[in-house]
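Peer 1: Data: final_17.cif, mmCIF, C-alpha atoms.
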```
data_entry
#
loop_
_atom_site.label_atom_id
_atom_site.label_comp_id
_atom_site.auth_asym_id
_atom_site.auth_seq_id
_atom_site.Cartn_x
_atom_site.Cartn_y
_atom_site.Cartn_z
CA MET A 1 -34.70 -29.25 -2.63
CA PRO A 2 -31.81 -26.86 -3.55
CA ALA A 3 -31.76 -25.55 0.05
CA MET A 4 -31.56 -29.16 1.26
CA HIS A 5 -28.44 -29.80 -0.87
CA LEU A 6 -26.76 -26.68 0.53
CA PHE A 7 -27.70 -27.61 4.09
CA ARG A 8 -26.30 -31.11 3.58
CA ALA A 9 -22.99 -29.69 2.29
CA LEU A 10 -22.69 -27.39 5.31
CA ALA A 11 -23.59 -30.26 7.65
CA ILE A 12 -20.85 -32.45 6.14
CA GLN A 13 -18.25 -29.74 6.71
CA PHE A 14 -19.43 -29.10 10.26
CA VAL A 15 -19.47 -32.78 11.26
CA SER A 16 -16.07 -33.33 9.66
CA TRP A 17 -14.53 -30.51 11.69
CA ILE A 18 -15.96 -31.93 14.92
CA VAL A 19 -14.58 -35.40 14.11
CA ALA A 20 -11.14 -34.09 13.15
CA LEU A 21 -10.79 -31.74 16.14
CA PHE A 22 -11.95 -34.36 18.64
CA ALA A 23 -9.75 -37.08 17.14
CA LEU A 24 -6.53 -35.12 16.78
CA ARG A 25 -6.66 -32.29 19.30
CA TYR A 26 -8.36 -33.88 22.30
CA THR A 27 -7.57 -37.61 22.19
CA VAL A 28 -3.86 -37.69 21.36
CA SER A 29 -0.88 -36.42 23.32
CA PRO A 30 0.60 -34.09 22.36
CA PRO A 31 -2.35 -32.61 20.41
CA ALA A 32 -1.89 -32.65 16.64
CA GLY A 33 -1.25 -29.38 14.85
CA MET A 34 -3.74 -27.51 12.73
CA ALA A 35 -2.29 -28.85 9.47
CA ALA A 36 -3.03 -32.44 10.52
CA VAL A 37 -6.54 -31.48 11.63
CA VAL A 38 -7.28 -29.80 8.31
CA ILE A 39 -6.02 -32.80 6.32
CA MET A 40 -8.13 -35.19 8.38
CA GLN A 41 -11.19 -32.93 8.11
CA ALA A 42 -10.86 -32.83 4.33
CA GLY A 43 -10.61 -36.62 4.14
CA VAL A 44 -13.59 -37.15 6.44
CA ALA A 45 -15.70 -34.62 4.49
CA ALA A 46 -14.90 -36.30 1.16
CA ALA A 47 -15.66 -39.74 2.63
CA LEU A 48 -19.02 -38.56 3.99
CA ALA A 49 -19.89 -37.02 0.61
CA LEU A 50 -19.07 -40.33 -1.11
CA ALA A 51 -21.11 -42.27 1.42
CA LEU A 52 -24.09 -39.98 0.80
CA ARG A 53 -23.66 -40.49 -2.98
CA ALA A 54 -22.97 -36.86 -3.72
CA PRO A 55 -21.83 -36.02 -7.28
CA ARG A 56 -18.09 -36.43 -7.78
CA TRP A 57 -17.54 -32.72 -8.21
CA TRP A 58 -19.13 -32.12 -4.78
CA VAL A 59 -16.71 -34.69 -3.34
CA ALA A 60 -13.82 -32.67 -4.79
CA ILE A 61 -15.25 -29.47 -3.28
CA HIS A 62 -15.47 -31.08 0.16
CA LEU A 63 -11.92 -32.38 -0.15
CA LEU A 64 -10.44 -29.00 -1.09
CA PHE A 65 -12.68 -26.54 0.76
CA SER A 66 -11.06 -26.38 4.21
CA PRO A 67 -7.43 -26.67 3.03
CA LEU A 68 -7.99 -23.78 0.60
CA VAL A 69 -9.72 -21.66 3.26
CA VAL A 70 -6.87 -22.21 5.72
CA ALA A 71 -4.26 -21.57 3.03
CA ALA A 72 -6.00 -18.36 1.97
CA ARG A 73 -5.92 -17.06 5.55
CA THR A 74 -2.12 -17.30 5.54
CA LEU A 75 -1.86 -15.05 2.48
CA ASP A 76 -1.89 -11.28 2.66
CA ILE A 77 -4.79 -10.77 0.24
CA ALA A 78 -7.06 -7.74 0.41
CA PRO A 79 -10.76 -8.55 1.08
CA THR A 80 -11.69 -6.83 -2.20
CA TRP A 81 -10.05 -9.64 -4.16
CA TYR A 82 -12.21 -12.22 -2.39
CA LEU A 83 -15.30 -10.23 -3.33
CA PHE A 84 -14.12 -10.00 -6.93
CA ALA A 85 -13.48 -13.76 -7.07
CA PHE A 86 -16.92 -14.46 -5.62
CA LEU A 87 -18.65 -12.22 -8.17
CA ALA A 88 -16.65 -13.72 -11.05
CA LEU A 89 -17.47 -17.29 -10.03
CA SER A 90 -21.13 -16.36 -9.55
CA ALA A 91 -21.28 -14.91 -13.05
CA VAL A 92 -19.85 -18.12 -14.52
CA PHE A 93 -21.57 -20.81 -12.47
CA TRP A 94 -24.65 -18.82 -11.41
CA SER A 95 -26.97 -21.35 -9.71
CA THR A 96 -24.95 -24.49 -10.35
CA PHE A 97 -25.10 -25.36 -6.64
CA ARG A 98 -28.86 -25.81 -7.07
CA SER A 99 -28.91 -27.50 -10.47
CA ARG A 100 -25.94 -29.74 -9.53
CA VAL A 101 -24.53 -29.39 -13.04
CA PRO A 102 -21.06 -27.92 -13.61
CA LEU A 103 -19.94 -26.13 -16.74
CA PHE A 104 -19.52 -28.82 -19.42
CA LEU A 105 -17.96 -28.01 -22.79
CA THR A 106 -18.46 -30.11 -25.92
CA ASN A 107 -15.09 -31.18 -27.34
CA GLN A 108 -14.21 -31.03 -31.03
CA ALA A 109 -14.61 -34.76 -31.67
CA THR A 110 -18.10 -34.77 -30.17
CA ALA A 111 -19.02 -31.66 -32.15
CA ARG A 112 -18.03 -33.48 -35.36
CA ALA A 113 -20.11 -36.51 -34.35
CA LEU A 114 -23.09 -34.28 -33.62
CA LEU A 115 -22.72 -32.56 -36.98
CA GLN A 116 -22.70 -35.93 -38.74
CA ALA A 117 -25.83 -36.98 -36.84
CA LEU A 118 -27.87 -34.05 -38.16
CA PRO A 119 -30.11 -34.91 -41.16
CA LYS A 120 -28.59 -33.47 -44.33
CA ASN A 121 -31.64 -33.46 -46.59
CA ARG A 122 -33.45 -30.54 -44.95
CA ALA A 123 -32.90 -27.32 -43.06
CA LEU A 124 -33.21 -27.70 -39.30
CA HIS A 125 -33.69 -25.59 -36.22
CA LEU A 126 -31.46 -26.87 -33.40
CA VAL A 127 -31.49 -25.66 -29.80
CA ASP A 128 -28.51 -26.14 -27.49
CA LEU A 129 -29.86 -26.40 -23.94
CA GLY A 130 -27.19 -24.66 -21.93
CA CYS A 131 -24.98 -23.38 -24.71
CA GLY A 132 -22.24 -22.17 -22.36
CA THR A 133 -19.77 -19.95 -24.18
CA GLY A 134 -21.32 -20.67 -27.59
CA GLU A 135 -18.36 -22.41 -29.26
CA LEU A 136 -20.47 -25.39 -30.31
CA LEU A 137 -23.14 -23.10 -31.80
CA ARG A 138 -20.49 -21.29 -33.83
CA ARG A 139 -18.97 -24.52 -35.11
CA LEU A 140 -22.36 -25.93 -36.16
CA ALA A 141 -23.61 -22.70 -37.71
CA MET A 142 -20.53 -22.28 -39.87
CA SER A 143 -20.76 -25.90 -41.05
CA ARG A 144 -24.52 -25.79 -41.74
CA PRO A 145 -25.43 -22.28 -42.94
CA ASP A 146 -28.76 -23.69 -44.18
CA CYS A 147 -29.87 -24.38 -40.60
CA ARG A 148 -30.86 -22.20 -37.67
CA PHE A 149 -29.29 -22.56 -34.25
CA THR A 150 -30.53 -21.27 -30.90
CA GLY A 151 -28.51 -21.31 -27.71
CA VAL A 152 -30.16 -21.05 -24.30
CA GLU A 153 -28.02 -20.03 -21.34
CA ASN A 154 -28.91 -18.65 -17.91
CA ALA A 155 -25.48 -17.83 -16.44
CA PRO A 156 -24.62 -14.17 -17.19
CA LEU A 157 -20.96 -14.42 -18.20
CA PRO A 158 -21.18 -17.50 -20.47
CA TRP A 159 -24.31 -16.00 -22.06
CA LEU A 160 -22.48 -12.75 -22.79
CA ILE A 161 -19.49 -14.59 -24.26
CA ALA A 162 -21.80 -16.70 -26.44
CA ARG A 163 -23.58 -13.57 -27.69
CA LEU A 164 -20.33 -11.85 -28.60
CA ARG A 165 -18.80 -14.98 -30.16
CA ASN A 166 -21.78 -15.51 -32.47
CA ARG A 167 -22.79 -11.92 -33.13
CA ASN A 168 -21.77 -12.04 -36.81
CA LEU A 169 -23.57 -15.28 -37.63
CA PRO A 170 -27.08 -14.58 -38.97
CA ASN A 171 -28.30 -18.14 -38.33
CA VAL A 172 -27.46 -18.11 -34.59
CA THR A 173 -29.62 -16.74 -31.77
CA VAL A 174 -28.44 -16.77 -28.16
CA ARG A 175 -31.09 -16.33 -25.48
CA ARG A 176 -30.70 -15.84 -21.74
CA ASP A 177 -33.51 -18.05 -20.59
CA ASP A 178 -34.57 -20.91 -18.35
CA LEU A 179 -34.48 -24.45 -19.71
CA TRP A 180 -37.72 -25.49 -18.03
CA SER A 181 -39.75 -22.59 -19.46
CA LEU A 182 -38.54 -23.25 -23.03
CA GLU A 183 -41.08 -24.73 -25.47
CA LEU A 184 -39.29 -27.64 -27.15
CA GLY A 185 -41.96 -27.95 -29.84
CA ASP A 186 -40.36 -25.05 -31.72
CA TYR A 187 -37.25 -27.08 -32.62
CA ASP A 188 -36.29 -29.98 -34.88
CA VAL A 189 -33.26 -31.04 -32.82
CA ILE A 190 -32.74 -30.61 -29.08
CA TYR A 191 -29.14 -31.01 -27.90
CA ALA A 192 -28.33 -31.37 -24.21
CA PHE A 193 -25.03 -31.86 -22.39
CA LEU A 194 -26.19 -31.63 -18.78
CA SER A 195 -25.73 -34.24 -16.02
CA PRO A 196 -27.60 -37.31 -14.76
CA VAL A 197 -29.68 -35.17 -12.37
CA PRO A 198 -32.03 -33.37 -14.82
CA MET A 199 -32.31 -36.14 -17.43
CA PRO A 200 -35.54 -37.75 -16.09
CA GLN A 201 -37.27 -34.36 -16.06
CA LEU A 202 -35.89 -33.47 -19.48
CA GLY A 203 -37.08 -36.82 -20.86
CA ARG A 204 -40.64 -36.19 -19.70
CA LYS A 205 -40.61 -32.64 -20.99
CA ALA A 206 -39.24 -33.70 -24.38
CA SER A 207 -41.69 -36.58 -24.77
CA VAL A 208 -44.61 -34.21 -24.20
CA GLU A 209 -43.46 -31.15 -26.16
CA MET A 210 -41.30 -32.37 -29.06
CA LYS A 211 -42.63 -32.50 -32.61
CA PRO A 212 -43.24 -36.03 -33.95
CA ASP A 213 -40.29 -35.84 -36.35
CA ALA A 214 -37.93 -34.07 -33.91
CA MET A 215 -35.10 -35.73 -32.03
CA LEU A 216 -33.33 -35.23 -28.73
CA ILE A 217 -29.56 -35.77 -28.71
CA ALA A 218 -28.10 -36.20 -25.21
CA ASN A 219 -24.36 -35.97 -24.71
CA SER A 220 -22.95 -38.56 -22.26
CA PHE A 221 -26.02 -38.90 -20.03
CA GLU A 222 -28.96 -41.17 -20.88
CA ILE A 223 -32.62 -40.72 -19.99
CA PRO A 224 -33.24 -43.34 -17.28
CA GLY A 225 -35.72 -46.01 -18.30
CA VAL A 226 -35.91 -44.94 -21.94
CA LYS A 227 -33.95 -46.84 -24.58
CA ALA A 228 -32.21 -44.58 -27.08
CA ASP A 229 -33.14 -45.05 -30.74
CA ARG A 230 -29.43 -45.15 -31.47
CA VAL A 231 -26.11 -44.44 -29.79
CA ILE A 232 -23.28 -42.67 -31.61
CA ASP A 233 -19.97 -43.70 -30.06
CA SER A 234 -17.74 -44.78 -32.95
CA ASP A 235 -15.08 -42.11 -32.32
CA PRO A 236 -12.96 -42.91 -29.22
CA ALA A 237 -12.18 -39.22 -28.76
CA ALA A 238 -15.86 -38.25 -28.73
CA ARG A 239 -18.39 -38.65 -25.96
CA ALA A 240 -21.35 -40.94 -26.56
CA LEU A 241 -24.41 -39.30 -28.09
CA TYR A 242 -27.82 -40.81 -27.25
CA VAL A 243 -30.47 -40.08 -29.88
CA TYR A 244 -34.14 -40.17 -28.85
CA THR A 245 -37.38 -39.73 -30.77
CA PHE A 246 -40.78 -39.90 -29.10
CA ALA A 247 -43.25 -40.18 -32.00
CA GLY A 248 -43.79 -43.91 -31.39
CA ARG A 249 -43.81 -43.70 -27.59
CA ARG A 250 -47.16 -41.94 -27.13
CA GLY A 251 -50.17 -44.00 -26.15
CA LYS A 252 -53.75 -43.61 -27.35
CA ASN A 253 -54.65 -41.35 -24.43
CA GLY A 254 -51.81 -38.96 -25.29
CA ARG A 255 -49.70 -39.93 -22.32
CA THR A 256 -46.08 -40.77 -22.86
CA VAL A 257 -43.85 -43.59 -21.74
CA ARG A 258 -42.09 -41.33 -19.25
CA GLU A 259 -45.36 -40.03 -17.78
CA MET A 260 -46.63 -43.56 -17.15
CA ALA A 261 -43.39 -44.82 -15.58
CA PRO A 262 -42.24 -43.59 -12.16
CA VAL A 263 -39.07 -41.53 -12.03
CA SER A 264 -36.99 -41.34 -8.88
CA ALA A 265 -34.48 -38.59 -9.72
CA ALA A 266 -36.45 -35.70 -11.18
CA VAL A 267 -35.44 -32.09 -10.76
CA PRO A 268 -37.94 -29.51 -9.52
CA ALA A 269 -40.05 -27.80 -12.16
CA ASP A 270 -38.72 -24.42 -11.07
CA ALA A 271 -35.07 -25.46 -11.30
CA PRO A 272 -32.84 -22.87 -12.97
CA HIS A 273 -31.29 -23.43 -16.33
CA LEU A 274 -28.16 -25.53 -16.37
CA ILE A 275 -24.80 -24.31 -17.51
CA ALA A 276 -23.39 -26.52 -20.20
CA GLU A 277 -22.24 -26.58 -23.77
#
```
Could you write out this structure as structure tokens?

Peer 2:
Amino acid sequence: MPAMHLFRALAIQFVSWIVALFALRYTVSPPAGMAAVVIMQAGVAAALALALRAPRWWVAIHLLFSPLVVAARTLDIAPTWYLFAFLALSAVFWSTFRSRVPLFLTNQATARALLQALPKNRALHLVDLGCGTGELLRRLAMSRPDCRFTGVENAPLPWLIARLRNRNLPNVTVRRDDLWSLELGDYDVIYAFLSPVPMPQLGRKASVEMKPDAMLIANSFEIPGVKADRVIDSDPAARALYVYTFAGRRGKNGRTVREMAPVSAAVPADAPHLIAE
């Protein structure tokens, strides 16, 4: 599936170049210049991505890709800098092209709403699935020193930043690990700020593995087909938080609501961890 997404992106760029070159270089007199061809190619690529229902950030990539490539060729930049930029972006976004989830950061208002949503009458163990640079973990840990917080991140650079940022907090652990291999039954609260793509798979995983009294808090993106127990959206500056519990959703045979209902947008079981905070 990841290879299919990459192939589709390359196909969109290739088809767009053919359309733009044929339309502006070979059917008009005099032939249009390269600048006009590049602009048309970018527009056609973005339109094709929209028509194929690609995520909005992929549409932006298609729109900017060719103009940036052509612009870069006009600059006198040593090849070493391109290699450095590639390595830096790889360290930050890692396998985002496969997971289809960009780097999301939890803003301050949403962090406050999340903190208020945590039960105050007992110590908790919260896991942030895709903790990014670890700012949310630090904020929560300093506000609730009675609780434990674990961040899971797979991208090398955000993981390193999160480790360094929280190194002096004894109630924070940052792990470089894969979301799908993590056992959710070890935690009281699971927090996820991902994207619509992995939510069906995460919902099934949570409904099977979570403890009966645990809760899943999803930032911005709902689990399709599962009604949230409550939605926290009172602060206009904060993103909506969808709170799920699964204790009452299990049938007599042990199967869950999500296992019995078909899901059309699941991610592969071997998908890499998603970069988010």

Peer 1: So what does the PyMOL selection byres ((chain A and resi 130) around 10) actually pick up in this one, as a PyMOL selection string?

Peer 2: chain A and resi 103-105+127-129+131-134+151-155+158-159+175-179+191-194+273-277

Peer 1: Determine the nearest neighbour of Asp188 of chain A from the options A:Ala117, A:Ala32, A:Leu126, A:Leu24, counting all atoms listed in the file.

Peer 2: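 Among the listed residues, the smallest separation from Asp188 of chain A belongs to A:Leu126.
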
Peer 1: One number please: atom CA of Leu184 of chain A to atom CA of Pro55 of chain A, in Å, one decimal.

Peer 2: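 Result for atom CA of Leu184 of chain A versus atom CA of Pro55 of chain A: 27.7 Å, one decimal.
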
Peer 1: Quick one, how far is atom CA of Thr110 of chain A from atom CA of Ala162 of chain A?

Peer 2: 18.8 Å

Peer 1: Would you pick out the contacts of Ala9 of chain A at 9 Å or less, using all atoms listed in the file, so that residues sharing its chain but fewer than 6 positions from it are not included, and give the list as a CSV table (one decimal) with C-alpha atoms, in the coordinates of the input?

Peer 2:
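Output (out_38.csv):
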```csv
chain,number,residue,atom,x,y,z
A,49,ALA,CA,-19.9,-37.0,0.6
A,58,TRP,CA,-19.1,-32.1,-4.8
A,62,HIS,CA,-15.5,-31.1,0.2
```
